[in-house]
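Colleague: As input, take entry-v9.csv (CSV, C-alpha atoms):
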chain,number,residue,atom,x,y,z
B,20,MET,CA,38.5,-48.9,-39.1
B,21,SER,CA,40.7,-52.0,-38.2
B,22,SER,CA,43.5,-52.1,-35.7
B,23,GLN,CA,46.1,-52.6,-38.4
B,24,SER,CA,45.1,-49.5,-40.3
B,25,THR,CA,45.2,-47.6,-37.0
B,26,LEU,CA,48.7,-48.9,-36.3
B,27,LYS,CA,49.9,-47.9,-39.8
B,28,THR,CA,48.5,-44.4,-39.4
B,29,SER,CA,50.2,-43.9,-36.0
B,30,LYS,CA,53.6,-45.1,-37.4
B,31,SER,CA,53.3,-42.7,-40.3
B,32,LEU,CA,52.6,-39.7,-38.1
B,33,GLU,CA,55.4,-40.5,-35.7
B,34,GLY,CA,57.9,-39.0,-38.1
B,35,VAL,CA,56.1,-35.7,-38.5
B,36,HIS,CA,57.8,-32.9,-36.6
B,37,GLY,CA,55.8,-31.7,-33.6
B,38,VAL,CA,53.4,-34.6,-33.5
B,39,HIS,CA,53.3,-36.7,-30.3
B,40,LEU,CA,50.8,-39.5,-30.1
B,41,VAL,CA,49.4,-40.7,-26.8
B,42,PRO,CA,48.2,-44.3,-26.8
B,43,HIS,CA,44.6,-44.7,-25.8
B,44,SER,CA,41.7,-47.1,-26.2
B,45,PRO,CA,38.9,-46.0,-28.6
B,46,PHE,CA,36.4,-47.8,-26.3
B,47,GLU,CA,36.8,-45.9,-23.1
B,48,SER,CA,33.8,-46.0,-20.9
B,49,GLU,CA,32.4,-43.1,-18.9
B,50,GLN,CA,30.7,-43.6,-15.7
B,51,ILE,CA,27.5,-41.6,-15.3
B,52,ASN,CA,26.9,-39.9,-11.9
B,53,PRO,CA,23.8,-41.5,-10.4
B,54,LYS,CA,23.1,-38.3,-8.5
B,55,GLY,CA,22.2,-36.4,-11.7
B,56,ASP,CA,18.6,-37.6,-11.7
B,57,ASP,CA,18.2,-36.7,-8.0
B,58,PHE,CA,19.5,-33.2,-8.7
B,59,HIS,CA,17.1,-32.7,-11.6
B,60,GLN,CA,14.2,-34.0,-9.5
B,61,SER,CA,15.1,-31.6,-6.7
B,62,ARG,CA,15.1,-28.6,-9.0
B,63,CYS,CA,11.7,-29.6,-10.3
B,64,GLU,CA,10.3,-29.9,-6.8
B,65,ASN,CA,11.7,-26.4,-5.9
B,66,ALA,CA,10.2,-24.9,-9.0
B,67,VAL,CA,6.8,-26.4,-8.1
B,68,ILE,CA,7.0,-25.1,-4.5
B,69,GLY,CA,8.0,-21.6,-5.8
B,70,ALA,CA,5.0,-21.6,-8.2
B,71,ASN,CA,2.6,-22.6,-5.4
B,72,GLN,CA,4.0,-19.8,-3.2
B,73,ILE,CA,3.4,-17.2,-5.9
B,74,LEU,CA,-0.1,-18.4,-6.5
B,75,THR,CA,-0.8,-18.2,-2.7
B,76,VAL,CA,0.4,-14.6,-2.6
B,77,GLN,CA,-1.7,-13.7,-5.6
B,78,ARG,CA,-4.8,-15.3,-4.1
B,79,ILE,CA,-4.3,-13.4,-0.8
B,80,TRP,CA,-3.7,-10.1,-2.8
B,81,GLN,CA,-6.9,-10.7,-4.8
B,82,GLN,CA,-8.9,-11.1,-1.5
B,83,ARG,CA,-7.6,-7.9,0.0
B,84,PRO,CA,-10.2,-5.5,1.4
B,85,SER,CA,-11.6,-2.8,-0.8
B,86,CYS,CA,-9.8,0.0,1.0
B,87,LEU,CA,-6.5,-1.4,-0.5
B,88,ARG,CA,-7.9,-1.7,-4.0
B,89,PRO,CA,-7.7,1.0,-6.7
B,90,ILE,CA,-10.6,3.5,-6.6
B,91,HIS,CA,-12.4,1.9,-9.5
B,92,GLY,CA,-12.5,-1.4,-7.6
B,93,CYS,CA,-13.8,0.1,-4.3
B,94,CYS,CA,-17.4,-0.6,-3.4
B,95,LEU,CA,-19.8,2.2,-3.7
B,96,ASN,CA,-22.3,1.0,-1.2
B,97,GLY,CA,-23.8,3.2,1.5
B,98,ASP,CA,-26.4,5.9,1.5
B,99,ARG,CA,-29.0,3.1,1.0
B,100,ASN,CA,-31.9,5.4,2.2
B,101,CYS,CA,-32.6,9.0,2.6
B,102,ALA,CA,-31.9,9.0,6.4
B,103,GLU,CA,-28.5,7.5,6.0
B,104,ARG,CA,-27.7,9.9,3.1
B,105,ILE,CA,-28.6,12.9,5.2
B,106,ALA,CA,-26.6,11.6,8.2
B,107,ASN,CA,-23.5,11.1,6.1
B,108,VAL,CA,-23.8,14.6,4.6
B,109,LEU,CA,-24.4,16.3,7.9
B,110,THR,CA,-21.4,14.5,9.6
B,111,SER,CA,-19.2,15.7,6.8
B,112,ILE,CA,-19.7,19.3,7.7
B,113,PRO,CA,-17.5,19.2,10.9
B,114,PHE,CA,-14.5,18.9,8.6
B,115,VAL,CA,-15.3,22.2,7.0
B,116,VAL,CA,-15.6,23.8,10.4
B,117,LEU,CA,-12.3,22.3,11.6
B,118,GLY,CA,-10.7,23.6,8.4
B,119,TYR,CA,-11.8,27.2,9.2
B,120,GLN,CA,-10.6,26.8,12.9
B,121,ALA,CA,-7.2,25.3,12.1
B,122,PRO,CA,-4.2,27.5,12.8
B,123,ARG,CA,-2.7,29.3,9.8
B,124,LYS,CA,0.6,30.5,11.2
B,125,ASN,CA,2.6,29.5,8.0
B,126,LEU,CA,2.1,28.3,4.5
B,127,ASN,CA,2.0,24.6,5.4
B,128,CYS,CA,-0.6,25.2,8.0
B,129,LYS,CA,-2.7,27.2,5.6
B,130,LEU,CA,-2.5,24.4,3.0
B,131,TYR,CA,-3.6,21.9,5.7
B,132,ALA,CA,-6.5,24.1,6.7
B,133,HIS,CA,-7.7,24.4,3.1
B,134,SER,CA,-7.3,20.7,2.6
B,135,LEU,CA,-9.6,20.0,5.5
B,136,ILE,CA,-12.3,22.2,4.0
B,137,GLY,CA,-11.9,20.3,0.8
B,138,VAL,CA,-12.4,17.0,2.7
B,139,GLY,CA,-15.7,18.2,4.1
B,140,ILE,CA,-16.9,19.5,0.7
B,141,ALA,CA,-15.9,16.4,-1.3
B,142,SER,CA,-17.5,14.1,1.3
B,143,SER,CA,-20.7,16.0,1.3
B,144,LEU,CA,-20.9,16.0,-2.5
B,145,TYR,CA,-20.2,12.3,-2.7
B,146,HIS,CA,-22.8,11.3,-0.2
B,147,ALA,CA,-25.4,13.6,-1.9
B,148,SER,CA,-24.6,12.3,-5.4
B,149,ARG,CA,-26.2,9.5,-7.5
B,150,GLY,CA,-25.6,7.8,-10.8
B,151,ARG,CA,-22.3,7.7,-12.7
B,152,LEU,CA,-21.0,10.9,-11.1
B,153,ARG,CA,-20.9,9.1,-7.7
B,154,LYS,CA,-17.8,7.0,-8.8
B,155,TYR,CA,-15.8,10.1,-9.6
B,156,LEU,CA,-16.8,11.8,-6.4
B,157,ARG,CA,-15.8,8.7,-4.4
B,158,TRP,CA,-12.3,9.2,-5.9
B,159,ALA,CA,-12.4,12.9,-5.0
B,160,ASP,CA,-13.4,12.0,-1.4
B,161,TYR,CA,-10.4,9.6,-1.0
B,162,ALA,CA,-8.0,12.0,-2.8
B,163,THR,CA,-8.9,14.9,-0.6
B,164,ILE,CA,-8.4,12.8,2.6
B,165,ALA,CA,-5.0,11.7,1.3
B,166,THR,CA,-4.1,15.3,0.4
B,167,ALA,CA,-5.0,16.4,3.9
B,168,THR,CA,-2.8,13.8,5.5
B,169,VAL,CA,0.1,14.8,3.3
B,170,CYS,CA,-0.4,18.5,4.2
B,171,LEU,CA,-0.6,17.7,7.9
B,172,SER,CA,2.6,15.6,7.7
B,173,ARG,CA,4.3,18.6,6.0
B,174,ALA,CA,2.9,21.1,8.6
B,175,LEU,CA,4.2,19.0,11.5
B,176,ARG,CA,7.6,18.2,10.0
B,177,ASP,CA,9.2,20.6,7.6
B,178,GLU,CA,12.1,18.2,7.1
B,179,ASN,CA,10.1,15.4,5.4
B,180,PRO,CA,12.2,13.7,2.7
B,181,LYS,CA,11.6,15.1,-0.7
B,182,LEU,CA,11.6,11.6,-2.2
B,183,LEU,CA,8.8,10.6,0.1
B,184,MET,CA,6.7,13.6,-0.9
B,185,ALA,CA,7.4,13.0,-4.6
B,186,VAL,CA,6.4,9.4,-4.4
B,187,SER,CA,3.3,10.3,-2.4
B,188,ALA,CA,2.2,12.8,-5.1
B,189,LEU,CA,2.7,10.2,-7.8
B,190,VAL,CA,0.8,7.4,-5.9
B,191,LEU,CA,-2.0,9.5,-4.5
B,192,PRO,CA,-4.2,9.5,-7.6
B,193,ILE,CA,-4.0,5.7,-7.9
B,194,GLN,CA,-3.9,4.5,-4.2
B,195,PRO,CA,-4.9,7.5,-2.0
B,196,LEU,CA,-5.7,5.3,1.0
B,197,MET,CA,-2.2,3.9,1.0
B,198,VAL,CA,-0.8,7.4,1.0
B,199,SER,CA,-3.2,8.3,3.8
B,200,ALA,CA,-2.0,5.3,5.9
B,201,VAL,CA,1.7,6.2,5.5
B,202,HIS,CA,1.3,9.9,6.4
B,203,THR,CA,-1.2,9.2,9.2
B,204,GLY,CA,1.4,6.8,10.7
B,205,MET,CA,4.0,9.6,10.5
B,206,MET,CA,1.5,12.0,12.2
B,207,GLU,CA,0.8,9.4,15.0
B,208,VAL,CA,4.5,9.1,15.7
B,209,ALA,CA,5.0,12.9,15.8
B,210,PHE,CA,1.9,13.3,18.1
B,211,ALA,CA,3.2,10.7,20.5
B,212,LYS,CA,6.7,12.3,20.7
B,213,ARG,CA,5.2,15.8,21.2
B,214,ALA,CA,2.9,14.6,23.9
B,215,LEU,CA,5.8,13.1,25.8
B,216,LYS,CA,7.6,16.4,25.8
B,217,ASP,CA,4.6,18.6,26.4
B,218,PRO,CA,2.3,17.5,29.3
B,219,LYS,CA,-0.4,19.9,28.0
B,220,LEU,CA,-0.9,17.7,25.0
B,221,LYS,CA,-1.3,14.5,27.0
B,222,MET,CA,-5.1,14.9,27.3
B,223,ALA,CA,-5.4,15.7,23.6
B,224,HIS,CA,-3.3,12.7,22.7
B,225,ASN,CA,-5.4,10.4,24.9
B,226,VAL,CA,-8.6,11.6,23.2
B,227,HIS,CA,-6.8,11.2,19.8
B,228,LYS,CA,-5.9,7.6,20.5
B,229,MET,CA,-9.4,6.7,21.6
B,230,SER,CA,-11.0,8.4,18.6
B,231,SER,CA,-8.5,6.8,16.2
B,232,LEU,CA,-9.2,3.3,17.6
B,233,LEU,CA,-12.9,3.8,17.4
B,234,GLY,CA,-12.7,5.3,13.9
B,235,GLY,CA,-10.5,2.4,12.6
B,236,ALA,CA,-13.0,-0.1,14.0
B,237,LEU,CA,-15.9,1.7,12.4
B,238,PHE,CA,-14.1,2.0,9.1
B,239,ILE,CA,-13.4,-1.7,9.0
B,240,ALA,CA,-16.9,-2.6,10.2
B,241,ASP,CA,-18.4,-0.3,7.5
B,242,ASP,CA,-16.5,-2.4,4.9
B,243,ALA,CA,-17.2,-5.8,6.5
B,244,PHE,CA,-20.9,-5.2,7.2
B,245,PRO,CA,-22.2,-2.9,4.5
B,246,GLN,CA,-25.8,-3.5,5.4
B,247,THR,CA,-25.4,-2.0,8.9
B,248,PRO,CA,-26.8,1.5,8.8
B,249,PHE,CA,-25.0,4.7,10.1
B,250,LEU,CA,-21.6,3.0,10.5
B,251,HIS,CA,-20.1,5.5,8.0
B,252,ALA,CA,-21.6,8.4,9.8
B,253,GLY,CA,-20.1,7.2,13.0
B,254,TRP,CA,-16.7,7.0,11.3
B,255,HIS,CA,-17.1,10.6,10.2
B,256,LEU,CA,-17.7,11.8,13.8
B,257,ALA,CA,-14.8,9.7,15.2
B,258,ALA,CA,-12.5,11.0,12.5
B,259,ALA,CA,-13.6,14.6,13.1
B,260,ILE,CA,-12.7,14.2,16.8
B,261,GLY,CA,-9.3,12.9,15.9
B,262,VAL,CA,-8.7,15.8,13.5
B,263,SER,CA,-9.7,18.3,16.2
B,264,THR,CA,-7.0,17.0,18.4
B,265,CYS,CA,-4.5,17.2,15.6
B,266,ASN,CA,-5.2,20.9,15.4
B,267,LYS,CA,-3.7,21.2,18.9
B,268,LEU,CA,-0.3,20.2,17.5
B,269,LEU,CA,-0.3,23.2,15.1
B,270,GLU,CA,-1.1,25.8,17.8
Translate the structure of the given file into structure tokens.
Modeller:
Amino acid sequence: MSSQSTLKTSKSLEGVHGVHLVPHSPFESEQINPKGDDFHQSRCENAVIGANQILTVQRIWQQRPSCLRPIHGCCLNGDRNCAERIANVLTSIPFVVLGYQAPRKNLNCKLYAHSLIGVGIASSLYHASRGRLRKYLRWADYATIATATVCLSRALRDENPKLLMAVSALVLPIQPLMVSAVHTGMMEVAFAKRALKDPKLKMAHNVHKMSSLLGGALFIADDAFPQTPFLHAGWHLAAAIGVSTCNKLLE
């Protein structure tokens, strides 16, 4: 379009009511912000850094120990020979004895006592089993341990949050060891507080701390060095000593 035609059009529109023309140049130039490319590059770099962080977290999670994996992913090593199998079965029996000896002054204490008996029975059956059934008994072993920790937590503290107990019940079939860790931590705190108030529990608490440290070390060593014999049986005994001191809290 020529400048003359544009001029004629503007003159013809000037007489129209309500129309006001503002003079402007059709060839206005717009300056581009040179920082736009830097901003785009910065966003791309941040996205790459975020993706690398996610991959790092995923890699660490995939390399987590078997005790933090779902039951179907846990290793089923152990009981490599008859002597080790017998040792693991025999060292499971003390949990049944401790269950019968546990105080039964109320319903929560009775549930805990029965859960301890279940731990001993499930552990004995697992270590005596072979074949495909062994995988399911491994789950039963972990599940009964988690159930016992929940029952002990409930027996020690009647005011446990209902939400925590509901979540524990939902997560227990999938990640029983995580449930065991949470409720064992709660029990440790309750034991320490009770021992500070009652001097009679100080000795039991000291024994409990030593057995817990030894049991934790044996549990990790059993997972890290699966070819070392009788580590699991040693963990059974250390755990049984720790459980016997917990019974003092319920008396």
Colleague: By how many Å are CA of Thr168 in chain B and CA of Pro248 in chain B apart?
Modeller: 27.2 Å
Colleague: Hey, what's within 7 Å of range 231-233 of chain B if we count only C-alpha atoms and toss same-chain stuff fewer than 3 positions away? As a list in words, please?
Modeller: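 The filter keeps His227, Lys228, Ala236, Leu237, Ala257, Ala258 and Gly261 of chain B.
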Colleague: Write a file of the just-selected residues containing C-alpha atoms, as a PDB file, in the frame of the given file.
Modeller:
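Written out: part_39.pdb:
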ATOM      1  CA  HIS B 227      -6.800  11.200  19.800  1.00  0.00           C
ATOM      2  CA  LYS B 228      -5.900   7.600  20.500  1.00  0.00           C
ATOM      3  CA  ALA B 236     -13.000  -0.100  14.000  1.00  0.00           C
ATOM      4  CA  LEU B 237     -15.900   1.700  12.400  1.00  0.00           C
ATOM      5  CA  ALA B 257     -14.800   9.700  15.200  1.00  0.00           C
ATOM      6  CA  ALA B 258     -12.500  11.000  12.500  1.00  0.00           C
ATOM      7  CA  GLY B 261      -9.300  12.900  15.900  1.00  0.00           C
TER       8      GLY B 261
END
Colleague: I need the residue nearest Lys129 in chain B from this list: B:Ala102, B:Ala214, B:Thr163, B:Ala174. Use only C-alpha atoms for the distance.
Modeller: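 Using only C-alpha atoms, Lys129 in chain B sits closest to B:Ala174.
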Colleague: Excluding Tyr131 in chain B and residues on its chain fewer than 3 positions from it, collect all residues at most 7 Å away from it, counting all atoms listed in the file, and give them as JSON, numbers by chain.
Modeller: {"B": [127, 128, 134, 135, 167, 170, 171]}
Colleague: Extract, using only C-alpha atoms, all DNA, RNA and protein residues at most 10 Å from range 182-189 of chain B, discarding same-chain residues fewer than 4 positions from it, and format them as number ranges by chain.
Modeller: B: 165-166, 169, 172-173, 193-195, 197-199, 201-202
Colleague: Taking into account only C-alpha atoms, which residue in the set B:Leu191, B:Ser148, B:Lys181, B:Thr203 is nearest to Ala162 in chain B?
Modeller: B:Leu191
Colleague: Could you check how far CA of Val115 in chain B sits from CA of Leu215 in chain B, in Å to one decimal?
Modeller: 29.7 Å
Colleague: Which one is closest to Arg176 in chain B: B:Ala223, B:Leu117, B:Met206, B:Leu156? Count only C-alpha atoms.
Modeller: B:Met206
Colleague: Can you list, as a list in words, every protein, DNA or RNA residue that comes within 10 Å of Trp254 in chain B when you count all atoms listed in the file, leaving out same-chain residues fewer than 5 positions away?
Modeller: Asn107, Thr110, Ser230, Ser231, Leu233, Gly234, Gly235, Ala236, Leu237, Phe238, Ile239, Ala240, Asp241, Phe249, Ala259 and Ile260 of chain B
Colleague: Kindly give the distance, in Å, that separates CA of Arg157 in chain B and CA of His255 in chain B, rounded to a single decimal.
Modeller: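 Computing it gives 14.8 Å between the two atoms.
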